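Q: For reference, the file my_file_12.cif (mmCIF, C-alpha atoms) is included below:
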data_start
loop_
_atom_site.label_atom_id
_atom_site.label_comp_id
_atom_site.auth_asym_id
_atom_site.auth_seq_id
_atom_site.Cartn_x
_atom_site.Cartn_y
_atom_site.Cartn_z
CA MET R 1 48.45 19.45 -32.51
CA ARG R 2 46.17 20.57 -29.67
CA ALA R 3 43.23 18.44 -28.71
CA HIS R 4 39.99 19.74 -27.32
CA THR R 5 40.39 18.93 -23.60
CA THR R 6 37.55 20.88 -21.95
CA THR R 7 35.30 18.47 -19.99
CA ASN R 8 31.73 18.56 -21.14
CA PRO R 9 29.61 20.21 -18.37
CA CYS R 10 26.83 17.70 -19.00
CA PHE R 11 29.26 14.87 -18.40
CA ARG R 12 30.37 16.48 -15.14
CA VAL R 13 26.73 16.78 -14.02
CA ILE R 14 26.15 13.13 -14.84
CA LEU R 15 29.25 12.04 -12.97
CA LEU R 16 28.18 14.07 -9.95
CA MET R 17 24.67 12.64 -10.04
CA ALA R 18 25.96 9.11 -10.44
CA ALA R 19 28.42 9.49 -7.59
CA THR R 20 25.74 10.97 -5.34
CA ALA R 21 23.26 8.27 -6.24
CA ILE R 22 25.81 5.52 -5.61
CA GLY R 23 26.79 7.15 -2.37
CA PHE R 24 23.22 7.20 -1.12
CA THR R 25 22.21 3.77 -2.29
CA ALA R 26 25.27 1.60 -1.99
CA ILE R 27 26.67 2.52 1.42
CA PRO R 28 24.31 1.63 4.22
CA ALA R 29 24.04 3.98 7.15
CA GLU R 30 26.25 2.60 9.92
CA SER R 31 24.30 2.09 13.08
CA LYS R 32 26.22 2.87 16.18
CA PRO R 33 26.54 0.16 18.80
CA TRP R 34 24.81 0.50 22.12
CA TRP R 35 27.27 2.37 24.18
CA MET R 36 25.73 4.66 26.70
CA ARG R 37 28.30 6.71 28.48
CA ASP R 38 27.99 8.29 31.93
CA THR R 39 26.36 5.23 33.41
CA ASP R 40 27.77 3.16 36.19
CA SER R 41 27.46 -0.06 34.30
CA ASN R 42 28.58 -1.43 30.97
CA GLU R 43 25.37 -3.43 30.59
CA THR R 44 24.25 -1.53 27.52
CA ASP R 45 27.28 -2.82 25.62
CA PHE R 46 25.23 -5.97 25.12
CA LEU R 47 21.99 -6.43 23.27
CA PRO R 48 18.85 -7.52 25.10
CA PRO R 49 18.16 -11.21 24.38
CA ASP R 50 15.12 -10.58 22.18
CA ILE R 51 17.18 -8.30 19.95
CA ALA R 52 20.26 -10.55 19.91
CA PHE R 53 18.11 -13.57 18.97
CA ARG R 54 15.04 -12.58 16.98
CA ALA R 55 12.71 -15.52 16.58
CA GLY R 56 9.61 -16.08 14.50
CA ALA R 57 7.41 -19.02 13.53
CA GLY R 58 5.45 -19.91 10.42
CA LEU R 59 3.80 -22.83 8.66
CA ASP R 60 4.89 -24.60 5.53
CA GLY R 61 2.45 -27.39 4.72
CA GLN R 62 2.68 -29.90 7.53
CA VAL R 63 5.81 -28.34 8.96
CA VAL R 64 6.22 -25.62 11.57
CA ARG R 65 9.20 -23.47 10.72
CA ILE R 66 10.94 -21.57 13.46
CA ARG R 67 13.60 -19.15 12.39
CA TRP R 68 16.12 -17.21 14.42
CA VAL R 69 18.00 -14.20 13.14
CA ILE R 70 21.09 -13.86 15.27
CA ALA R 71 22.92 -10.57 15.69
CA ASP R 72 26.60 -10.31 14.74
CA GLY R 73 28.81 -11.41 17.61
CA TYR R 74 26.14 -13.65 19.14
CA TYR R 75 25.43 -17.35 18.84
CA LEU R 76 22.84 -19.96 19.79
CA TYR R 77 23.56 -23.43 21.14
CA LYS R 78 22.06 -26.19 18.99
CA GLU R 79 21.51 -28.57 21.88
CA LYS R 80 19.58 -25.98 23.87
CA ILE R 81 16.90 -25.56 21.20
CA GLU R 82 13.62 -27.21 22.20
CA VAL R 83 10.22 -27.01 20.57
CA LYS R 84 7.08 -28.23 22.34
CA ALA R 85 3.41 -28.18 21.41
CA GLU R 86 1.43 -25.56 23.27
CA SER R 87 -1.99 -25.75 21.65
CA PRO R 88 -4.30 -28.70 22.35
CA ASP R 89 -4.42 -31.62 19.90
CA LEU R 90 -1.13 -30.59 18.33
CA VAL R 91 1.51 -33.30 18.00
CA LEU R 92 5.00 -32.25 17.04
CA GLY R 93 7.69 -34.46 15.55
CA THR R 94 11.41 -34.16 16.19
CA PRO R 95 12.81 -30.76 15.16
CA VAL R 96 15.13 -30.92 12.18
CA LEU R 97 18.05 -28.51 12.47
CA PRO R 98 20.87 -27.94 10.00
CA PRO R 99 24.44 -28.73 11.05
CA GLY R 100 25.99 -25.89 12.98
CA ILE R 101 29.52 -24.71 13.60
CA MET R 102 31.65 -26.62 16.08
CA LYS R 103 32.91 -24.30 18.79
CA THR R 104 35.52 -25.52 21.21
CA ASP R 105 35.62 -23.88 24.60
CA PRO R 106 38.33 -25.00 27.03
CA TYR R 107 35.86 -24.80 29.91
CA LEU R 108 32.74 -26.14 28.24
CA GLY R 109 34.08 -28.55 25.62
CA ARG R 110 32.87 -28.86 22.04
CA GLN R 111 29.53 -27.27 21.33
CA GLU R 112 27.56 -26.96 18.12
CA ILE R 113 26.43 -23.40 17.60
CA TYR R 114 24.56 -21.25 15.10
CA THR R 115 25.42 -17.75 14.00
CA GLN R 116 23.69 -15.36 11.56
CA GLN R 117 20.44 -17.31 11.15
CA VAL R 118 19.02 -20.76 11.53
CA GLU R 119 15.73 -22.46 10.87
CA ALA R 120 14.20 -25.44 12.65
CA ARG R 121 11.63 -27.50 10.76
CA VAL R 122 9.21 -29.41 12.95
CA PRO R 123 6.65 -31.75 11.35
CA TYR R 124 3.26 -31.62 13.01
CA SER R 125 -0.11 -33.23 12.98
CA ARG R 126 -3.36 -32.06 14.57
CA SER R 127 -6.64 -33.68 15.35
CA ASP R 128 -8.74 -30.60 16.09
CA PHE R 129 -9.59 -29.86 12.43
CA GLY R 130 -8.12 -26.39 12.76
CA ALA R 131 -10.18 -25.40 15.78
CA HIS R 132 -7.19 -23.98 17.60
CA PRO R 133 -4.38 -21.78 16.35
CA ILE R 134 -1.06 -23.59 16.18
CA GLN R 135 1.04 -22.51 19.12
CA VAL R 136 4.48 -23.82 19.97
CA LYS R 137 6.65 -23.25 23.00
CA VAL R 138 10.21 -22.64 21.91
CA THR R 139 13.21 -22.64 24.23
CA TYR R 140 16.68 -21.53 23.16
CA GLN R 141 19.84 -20.27 24.73
CA GLY R 142 22.78 -18.30 23.47
CA CYS R 143 25.70 -16.08 24.31
CA ALA R 144 27.66 -13.07 23.10
CA GLU R 145 31.18 -13.72 21.84
CA ALA R 146 32.31 -10.82 24.04
CA GLY R 147 31.64 -12.94 27.14
CA LEU R 148 28.03 -12.91 28.24
CA CYS R 149 25.48 -15.72 28.30
CA TYR R 150 21.73 -15.32 28.49
CA PRO R 151 19.61 -17.72 30.53
CA PRO R 152 17.38 -20.03 28.47
CA ILE R 153 14.68 -18.03 26.73
CA THR R 154 11.20 -19.52 26.36
CA ARG R 155 8.66 -18.00 24.01
CA VAL R 156 5.19 -19.14 22.99
CA MET R 157 4.73 -18.44 19.29
CA PHE R 158 1.76 -18.53 16.96
CA ALA R 159 2.58 -20.30 13.72
CA SER R 160 -0.34 -19.01 11.69
CA ALA R 161 1.24 -17.01 8.89
CA ALA R 162 3.68 -18.52 6.44
CA LEU R 163 7.24 -17.31 6.72
CA PRO R 164 8.88 -16.15 3.53
CA PRO R 165 11.32 -18.68 2.05
CA PRO R 166 14.84 -18.42 3.43
CA ALA R 167 16.92 -15.87 1.59
CA VAL R 168 19.56 -17.41 -0.62
CA ASN R 169 22.55 -15.67 -2.04
CA ARG R 170 21.34 -15.61 -5.64
CA PRO R 171 20.86 -12.36 -7.53
CA HIS R 172 17.30 -11.72 -8.60
CA ARG R 173 16.51 -11.87 -12.33
CA TRP R 174 15.76 -8.13 -12.35
CA GLU R 175 19.07 -7.47 -10.68
CA LEU R 176 20.95 -9.04 -13.60
CA ILE R 177 18.81 -7.13 -16.09
CA ALA R 178 19.56 -3.88 -14.24
CA ILE R 179 23.28 -4.55 -14.20
CA VAL R 180 23.48 -5.34 -17.91
CA GLY R 181 21.04 -2.54 -18.75
CA GLY R 182 23.04 -0.10 -16.69
CA MET R 183 26.21 -0.94 -18.56
CA PHE R 184 24.51 -0.43 -21.93
CA ALA R 185 22.93 2.78 -20.69
CA PHE R 186 26.29 4.10 -19.64
CA LEU R 187 27.73 3.27 -23.04
CA ILE R 188 24.82 4.87 -24.90
CA ALA R 189 24.97 7.97 -22.68
CA GLY R 190 28.64 8.32 -23.51
CA PHE R 191 27.99 8.02 -27.24
CA GLY R 192 25.06 10.45 -27.04
CA LEU R 193 27.08 13.11 -25.33
CA ARG R 194 30.01 12.80 -27.71
CA ARG R 195 27.77 12.89 -30.76
CA GLY R 196 28.24 16.03 -32.87
CA ARG R 197 31.36 17.02 -31.08
CA LYS R 198 34.39 17.44 -33.23
CA LEU R 199 37.98 17.49 -32.37
CA ALA R 200 39.21 21.05 -32.53
CA LEU R 201 42.27 20.93 -34.67
CA PRO R 202 44.76 23.74 -34.50
CA ALA R 203 44.83 26.08 -37.40
CA GLN R 204 47.42 25.15 -39.98
CA MET U 1 12.58 21.96 -24.82
CA THR U 2 15.79 22.08 -26.78
CA TYR U 3 17.55 19.00 -28.06
CA GLY U 4 20.48 19.71 -25.72
CA GLY U 5 18.16 19.86 -22.71
CA LEU U 6 16.55 16.56 -23.61
CA ARG U 7 19.99 15.01 -23.94
CA VAL U 8 20.97 16.21 -20.48
CA ILE U 9 17.76 14.84 -18.92
CA GLY U 10 18.14 11.55 -20.79
CA ALA U 11 21.74 11.25 -19.73
CA GLY U 12 20.75 12.03 -16.14
CA VAL U 13 18.13 9.27 -16.14
CA LEU U 14 20.64 6.84 -17.61
CA ALA U 15 23.21 7.85 -15.02
CA MET U 16 20.71 7.15 -12.25
CA LEU U 17 20.09 3.74 -13.78
CA CYS U 18 23.84 3.15 -13.79
CA ALA U 19 24.05 4.24 -10.17
CA TRP U 20 21.30 1.82 -9.22
CA ALA U 21 23.00 -1.00 -11.09
CA GLY U 22 26.25 -0.09 -9.35
CA ALA U 23 24.52 -0.14 -5.99
CA ARG U 24 23.11 -3.59 -6.71
CA ILE U 25 26.58 -4.83 -7.74
CA TYR U 26 27.98 -3.43 -4.51
CA ALA U 27 25.20 -4.95 -2.41
CA ASN U 28 25.65 -8.31 -4.13
CA TRP U 29 29.39 -8.23 -3.54
CA HIS U 30 28.84 -7.16 0.06
CA SER U 31 26.48 -10.04 0.78
CA ARG U 32 28.97 -12.48 -0.78
CA SER U 33 31.62 -11.33 1.67
CA TYR U 34 29.22 -12.16 4.52
CA ALA U 35 28.50 -15.49 2.93
CA GLU U 36 32.09 -16.49 3.59
CA ILE U 37 31.22 -16.73 7.26
CA ARG U 38 30.49 -20.36 8.03
CA VAL U 39 26.78 -20.65 8.46
CA PRO U 40 24.49 -23.64 8.21
CA ALA U 41 24.15 -25.03 4.73
CA GLY U 42 21.48 -23.38 2.65
CA LEU U 43 21.32 -20.32 4.82
CA ALA U 44 24.40 -18.49 3.61
CA SER U 45 23.04 -15.01 3.42
CA VAL U 46 22.92 -11.88 5.46
CA PRO U 47 19.91 -12.13 7.77
CA SER U 48 17.30 -9.61 6.89
CA PRO U 49 14.89 -8.26 9.49
CA SER U 50 12.10 -8.85 7.00
CA ASP U 51 12.87 -12.56 7.02
CA ILE U 52 10.87 -13.09 10.15
CA ARG U 53 7.71 -11.89 11.76
CA ALA U 54 9.43 -9.60 14.18
CA ASP U 55 6.32 -9.14 16.24
CA THR U 56 8.17 -9.09 19.53
CA ALA U 57 11.73 -7.92 19.19
CA LEU U 58 11.60 -4.85 17.00
CA SER U 59 8.70 -3.27 18.79
CA GLN U 60 10.51 -3.29 22.11
CA PRO U 61 11.95 -0.09 23.53
CA PRO U 62 15.75 0.25 23.62
CA PRO U 63 17.46 -1.14 26.71
CA GLN U 64 17.79 1.17 29.65
CA PRO U 65 20.87 1.14 31.84
CA PRO U 66 20.22 -0.47 35.21
CA ARG U 67 19.56 1.70 38.23
CA ILE U 68 22.32 0.72 40.54
CA PRO U 69 21.70 1.39 44.22
CA ASP U 70 24.22 3.47 46.13
CA ALA U 71 24.37 0.99 49.01
CA LEU U 72 24.62 -2.76 48.82
CA PRO U 73 21.09 -4.06 49.49
CA ALA U 74 20.50 -6.72 52.11
CA PHE U 75 19.92 -10.26 50.88
CA THR U 76 20.45 -13.74 52.22
CA LEU U 77 21.32 -16.90 50.30
CA SER U 78 22.47 -20.41 51.15
CA ASN U 79 26.14 -21.25 51.29
CA LEU U 80 27.68 -24.55 50.12
CA GLN U 81 26.75 -26.20 53.41
CA GLY U 82 23.14 -25.08 53.05
CA GLN U 83 23.28 -22.45 55.79
CA SER U 84 21.52 -19.14 55.27
CA THR U 85 24.20 -16.52 54.83
CA PRO U 86 23.40 -12.80 54.67
CA ILE U 87 25.66 -10.70 52.48
CA SER U 88 26.29 -8.58 55.59
CA THR U 89 28.53 -11.45 56.79
CA TRP U 90 31.32 -9.58 55.02
CA ALA U 91 30.40 -6.10 56.24
CA GLY U 92 33.40 -3.83 56.60
CA GLN U 93 35.18 -5.35 53.62
CA SER U 94 35.30 -4.37 49.98
CA LEU U 95 33.39 -7.00 48.01
CA VAL U 96 33.67 -8.44 44.56
CA ILE U 97 30.30 -10.16 44.12
CA ASN U 98 30.30 -12.34 41.03
CA PHE U 99 26.96 -13.65 39.73
CA TRP U 100 27.44 -16.74 37.58
CA ALA U 101 25.96 -20.06 36.44
CA THR U 102 27.46 -23.45 35.66
CA TRP U 103 26.08 -23.54 32.10
CA CYS U 104 27.76 -20.27 31.19
CA ALA U 105 31.13 -20.56 29.40
CA PRO U 106 32.43 -17.04 30.19
CA CYS U 107 31.50 -17.59 33.85
CA ARG U 108 33.67 -20.68 33.89
CA ARG U 109 36.51 -18.82 32.21
CA GLU U 110 36.41 -16.13 34.91
CA ILE U 111 36.90 -18.51 37.83
CA PRO U 112 40.72 -18.76 37.66
CA LEU U 113 40.94 -14.95 37.64
CA LEU U 114 38.55 -14.68 40.60
CA ASN U 115 40.58 -17.29 42.49
CA THR U 116 43.71 -15.23 41.85
CA LEU U 117 42.06 -11.95 42.87
CA ALA U 118 40.73 -13.53 46.05
CA GLY U 119 44.28 -14.55 47.00
CA GLU U 120 46.00 -11.32 46.00
CA TRP U 121 43.53 -8.89 47.62
CA ALA U 122 42.72 -10.79 50.79
CA SER U 123 45.30 -8.84 52.80
CA LYS U 124 43.70 -5.55 51.68
CA HIS U 125 40.30 -6.40 53.15
CA VAL U 126 38.81 -7.39 49.82
CA THR U 127 36.63 -10.52 49.63
CA VAL U 128 35.42 -12.24 46.49
CA VAL U 129 31.97 -13.81 46.84
CA GLY U 130 30.49 -15.98 44.09
CA ILE U 131 26.71 -16.15 43.71
CA ALA U 132 25.67 -19.14 41.64
CA VAL U 133 22.24 -18.69 40.08
CA ASP U 134 21.72 -22.35 39.42
CA HIS U 135 20.56 -25.72 40.75
CA ARG U 136 22.26 -26.55 44.01
CA ASN U 137 23.54 -30.02 43.10
CA GLU U 138 25.15 -28.82 39.91
CA VAL U 139 26.91 -26.01 41.76
CA LEU U 140 28.22 -28.35 44.44
CA GLN U 141 29.62 -30.72 41.84
CA PHE U 142 31.09 -27.87 39.85
CA ALA U 143 32.66 -26.12 42.86
CA ASP U 144 34.40 -29.33 43.81
CA GLN U 145 35.66 -29.91 40.29
CA PHE U 146 36.89 -26.35 39.70
CA LYS U 147 38.50 -25.80 43.13
CA ILE U 148 36.87 -22.46 43.87
CA HIS U 149 38.77 -20.85 46.76
CA TYR U 150 36.38 -18.04 47.62
CA PRO U 151 33.02 -18.25 49.42
CA LEU U 152 30.05 -19.29 47.32
CA LEU U 153 26.37 -18.61 47.80
CA ILE U 154 23.71 -20.47 45.83
CA GLY U 155 20.23 -19.49 44.82
CA GLU U 156 17.60 -19.67 42.12
CA GLN U 157 14.71 -17.23 42.39
CA ASP U 158 16.18 -15.77 45.57
CA ALA U 159 19.45 -15.09 43.74
CA LEU U 160 17.51 -13.48 40.89
CA ASP U 161 15.77 -11.31 43.48
CA ALA U 162 19.16 -10.28 44.83
CA ALA U 163 20.25 -9.37 41.29
CA ALA U 164 17.09 -7.31 40.85
CA LYS U 165 17.87 -5.42 44.06
CA LEU U 166 21.19 -4.52 42.48
CA GLY U 167 19.41 -3.10 39.44
CA VAL U 168 19.77 -6.13 37.16
CA GLU U 169 16.18 -7.13 36.45
CA SER U 170 16.78 -9.64 33.64
CA PRO U 171 20.24 -10.94 34.28
CA ALA U 172 22.63 -12.39 31.77
CA PHE U 173 25.80 -13.93 33.14
CA PRO U 174 28.37 -13.27 34.38
CA PHE U 175 28.10 -9.90 36.05
CA THR U 176 30.11 -8.57 38.94
CA VAL U 177 29.29 -5.99 41.58
CA PHE U 178 32.10 -4.13 43.33
CA THR U 179 31.58 -2.43 46.68
CA ASP U 180 33.84 -0.43 48.94
CA ARG U 181 34.39 -1.06 52.65
CA ARG U 182 31.43 1.11 53.62
CA GLY U 183 29.11 -1.04 51.52
CA GLU U 184 28.70 1.47 48.71
CA VAL U 185 28.17 -0.04 45.28
CA VAL U 186 31.00 1.37 43.20
CA ALA U 187 30.66 -0.52 39.93
CA LEU U 188 28.63 -3.13 38.12
CA PHE U 189 30.50 -4.92 35.39
CA VAL U 190 28.42 -6.99 32.98
CA GLY U 191 30.12 -9.73 31.00
CA GLU U 192 33.36 -11.62 31.38
CA LEU U 193 35.80 -9.83 33.63
CA HIS U 194 39.42 -9.66 32.54
CA ARG U 195 42.50 -8.73 34.48
CA PRO U 196 42.87 -5.12 33.24
CA GLN U 197 39.28 -4.24 34.11
CA ALA U 198 39.48 -5.97 37.49
CA ASP U 199 42.73 -4.17 38.38
CA LEU U 200 41.31 -0.84 37.30
CA ILE U 201 38.13 -1.15 39.34
CA MET U 202 39.79 -2.60 42.40
CA SER U 203 42.54 -0.02 42.53
CA THR U 204 39.90 2.72 42.30
CA ILE U 205 38.01 1.12 45.18
CA GLN U 206 41.23 1.13 47.20
CA ASN U 207 41.37 4.89 46.61
CA ILE U 208 37.86 5.23 48.01
CA ASP U 209 38.77 3.10 51.00
CA ASN U 210 41.86 5.28 51.59
CA GLY U 211 39.75 8.40 51.42
CA ALA U 212 41.42 9.66 48.25
CA LEU U 213 38.21 9.49 46.17
CA GLN U 214 34.50 10.02 46.68
CA LEU U 215 31.95 7.54 45.33
CA ALA U 216 30.69 9.78 42.52
CA GLN U 217 34.22 10.60 41.38
CA ALA U 218 35.19 6.94 41.52
CA ARG U 219 32.17 5.85 39.47
CA ARG U 220 32.92 8.47 36.83
CA GLN U 221 36.60 7.57 36.75
CA ILE U 222 35.84 3.87 36.37
CA ALA U 223 33.35 4.52 33.57
CA GLU U 224 35.85 6.67 31.67
CA GLN U 225 38.73 4.28 32.13
CA LEU U 226 36.62 1.28 31.12
CA ASP U 227 35.65 3.17 27.99
CA ALA U 228 39.31 3.88 27.27
CA LEU U 229 40.18 0.23 27.81
CA ALA U 230 37.40 -0.91 25.52
CA GLU U 231 38.58 1.48 22.80
CA LYS U 232 42.11 0.10 23.07
CA THR U 233 40.90 -3.46 22.63
#
Have the structure of the file written as structure tokens, please.

A:
Amino acid sequence: MRAHTTTNPCFRVILLMAATAIGFTAIPAESKPWWMRDTDSNETDFLPPDIAFRAGAGLDGQVVRIRWVIADGYYLYKEKIEVKAESPDLVLGTPVLPPGIMKTDPYLGRQEIYTQQVEARVPYSRSDFGAHPIQVKVTYQGCAEAGLCYPPITRVMFASAALPPPAVNRPHRWELIAIVGGMFAFLIAGFGLRRGRKLALPAQ
Amino acid sequence: MTYGGLRVIGAGVLAMLCAWAGARIYANWHSRSYAEIRVPAGLASVPSPSDIRADTALSQPPPQPPRIPDALPAFTLSNLQGQSTPISTWAGQSLVINFWATWCAPCRREIPLLNTLAGEWASKHVTVVGIAVDHRNEVLQFADQFKIHYPLLIGEQDALDAAAKLGVESPAFPFTVFTDRRGEVVALFVGELHRPQADLIMSTIQNIDNGALQLAQARRQIAEQLDALAEKT
């Protein structure tokens, strides 16, 4: 008995399209590290401090939220984070920071650090009835794992616009629908393409 | 349009849907692998640039390599005893000028290596000079505790000015400047110095001092060999 083994051209087109689409969407473009050759210094191996530690401020009710997004291979010291009121009639409470990672350095002892991202929540009160924009002076300090430390960085930030809620690792509802829908679609596509096709049986 | 054509188009659309779903599965899996990194509770996700108002960082131009002067610029800082000491005190010697601060962990880690280099290279007219960019009292206490065997200079804004003269406008620490005996700046190494890099740079400087290499050749050679070292590690 000889089965019909020729691959359906439509199916091949679909496979090609699917592979191309997955290739373009699933694999992010790798960004090359800063590595500028033909210079006399290796300084560009490291990120500038404002890129290594990207900071932003927002408001959430009666709380000022300050968030840092920390580049891979870099970290911030918890104890070096300070937030002070900059605008008049603004009174800030004690910043609330999540627990960090304990890092033990033989020359500096145990230090609590943050990697990836961290958010400080600072309760505030104001007596100017909104006359002044809320400005905070934020100081922070961090290092690169590769062996470079930045001096303390101080930035004055406006906390006027609300920050988006912190991203959590939970798939969106539409993501689940797409996954399940995609599976069904694949199944239906397979059935649709096979429909009407008959197994070519050898002549008796 | 024929029924077959419609089927192909329909299947194509469905395949794209599948591809998108696949991409989302991949992205979800990818972010979970990042989530295994220990991060503060409640924040276990890959940071997204859109998470913050990046009104400062992202709009900045990419970093430019520092413009390193050919000759060691003149500057004067205080020594441990508080006396003004020009860098020309060590004229005629190859210098390893290490900028550091007491609060900097990699700077602290470098000190044993710098102590060793100071001892090993002293007979070859090489001097290690530490420049602490820090508060004087803290440096004095630290120098006593860590038994630093090479000369130290201390400064705050004046030390930052000296760094700027060497092409490092916004310094991060540590960084080390290497000069030859004629006072030419051969290399600037940013970050924690390790033995292989120190040996490589200092042996190249010896070749300049012996007349076997010119400055431009030496700079190029050091850059290439540092690249090769970095690729190995």

Q: Please measure the separation of atom CA of Arg54 of chain R and atom CA of Glu231 of chain U, giving the value in Å to one decimal.

A: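 For atom CA of Arg54 of chain R relative to atom CA of Glu231 of chain U, the distance reads 28.0 Å.
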
Q: Compare R:Val69, R:Ala131, R:Ile153, R:Val138 by their minimum atom-to-atom distance to Leu92 of chain R, counting all atoms listed in the file, and give me the closest one.

A: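 Among the listed residues, the smallest separation from Leu92 of chain R belongs to R:Val138.
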
Q: Taking 6 positions as the minimum chain separation for residues in the same chain, which residues sit within 9 Å of Asp72 of chain R when counting only C-alpha atoms? Answer as a ChimeraX atom specification.

A: /R:52,115-116,144

Q: Taking the file as I've supplied it (selection: the PyMOL selection byres ((chain R and resi 94-109) around 10)), which residues are included? Please answer as an MDAnalysis selection string.

A: (chainID R and resid 63:66 75:78 81:84 92:93 110:115 118:124) or (chainID U and resid 38:43 102:109 146)

Q: To one decimal in Å, tell me the separation between atom CA of Ala172 of chain U and atom CA of Asn98 of chain U.

A: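 Computed distance, atom CA of Ala172 of chain U to atom CA of Asn98 of chain U, equals 12.0 Å.
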
Q: Expand the PyMOL selection byres ((chain U and resi 163) around 10) into the explicit residue set it covers here, and present it as a list in words.

A: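 Matching residues under the PyMOL selection byres ((chain U and resi 163) around 10) are Pro73, Phe75, Phe99, Ile131, Val133, Gln157, Asp158, Ala159, Leu160, Asp161, Ala162, Ala164, Lys165, Leu166, Gly167, Val168, Glu169, Ser170, Pro171, Phe175 and Val177 of chain U.
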
Q: Using only C-alpha atoms, which of the listed residues (R:Gln141, R:Ser160, R:Ser87, R:Pro151) sits closest to chain U?

A: R:Pro151

Q: Could you state the separation of atom CA of Gln83 of chain U and atom CA of Pro151 of chain U in Å, given to one decimal place?

A: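 It comes out at 12.4 Å.
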
Q: Might you pull out every residue within 12 Å of Ile188 of chain R, with all atoms listed in the file counted and same-chain residues fewer than 6 positions away left off, and present them as a list in words?

A: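 Neighbouring residues, sequence-local ones excluded: Gly181, Gly182, Arg194 and Arg195 of chain R; Arg7, Gly10, Ala11, Val13, Leu14, Ala15 and Cys18 of chain U.
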
Q: Would you write out, as a ChimeraX atom specification, every residue that the PyMOL selection byres ((chain U and resi 201) around 12) captures in this file?

A: /R:40-41 /U:94-96,176-180,185-189,193-200,202-208,218-226,229

Q: Given all atoms listed in the file as the basis, pick out the residue of U:Gly130, U:Pro174, U:Pro86, U:Pro112 nearest to chain R.

A: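 Checking each candidate against chain R, we get U:Pro174 as the closest.
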
Q: Under the rule that all atoms listed in the file are counted, which of U:Leu80, U:Leu17, U:Ala118, U:Ile9 is the nearest residue to chain R?

A: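 Looking only at the distances to chain R, the closest residue turns out to be U:Leu17.
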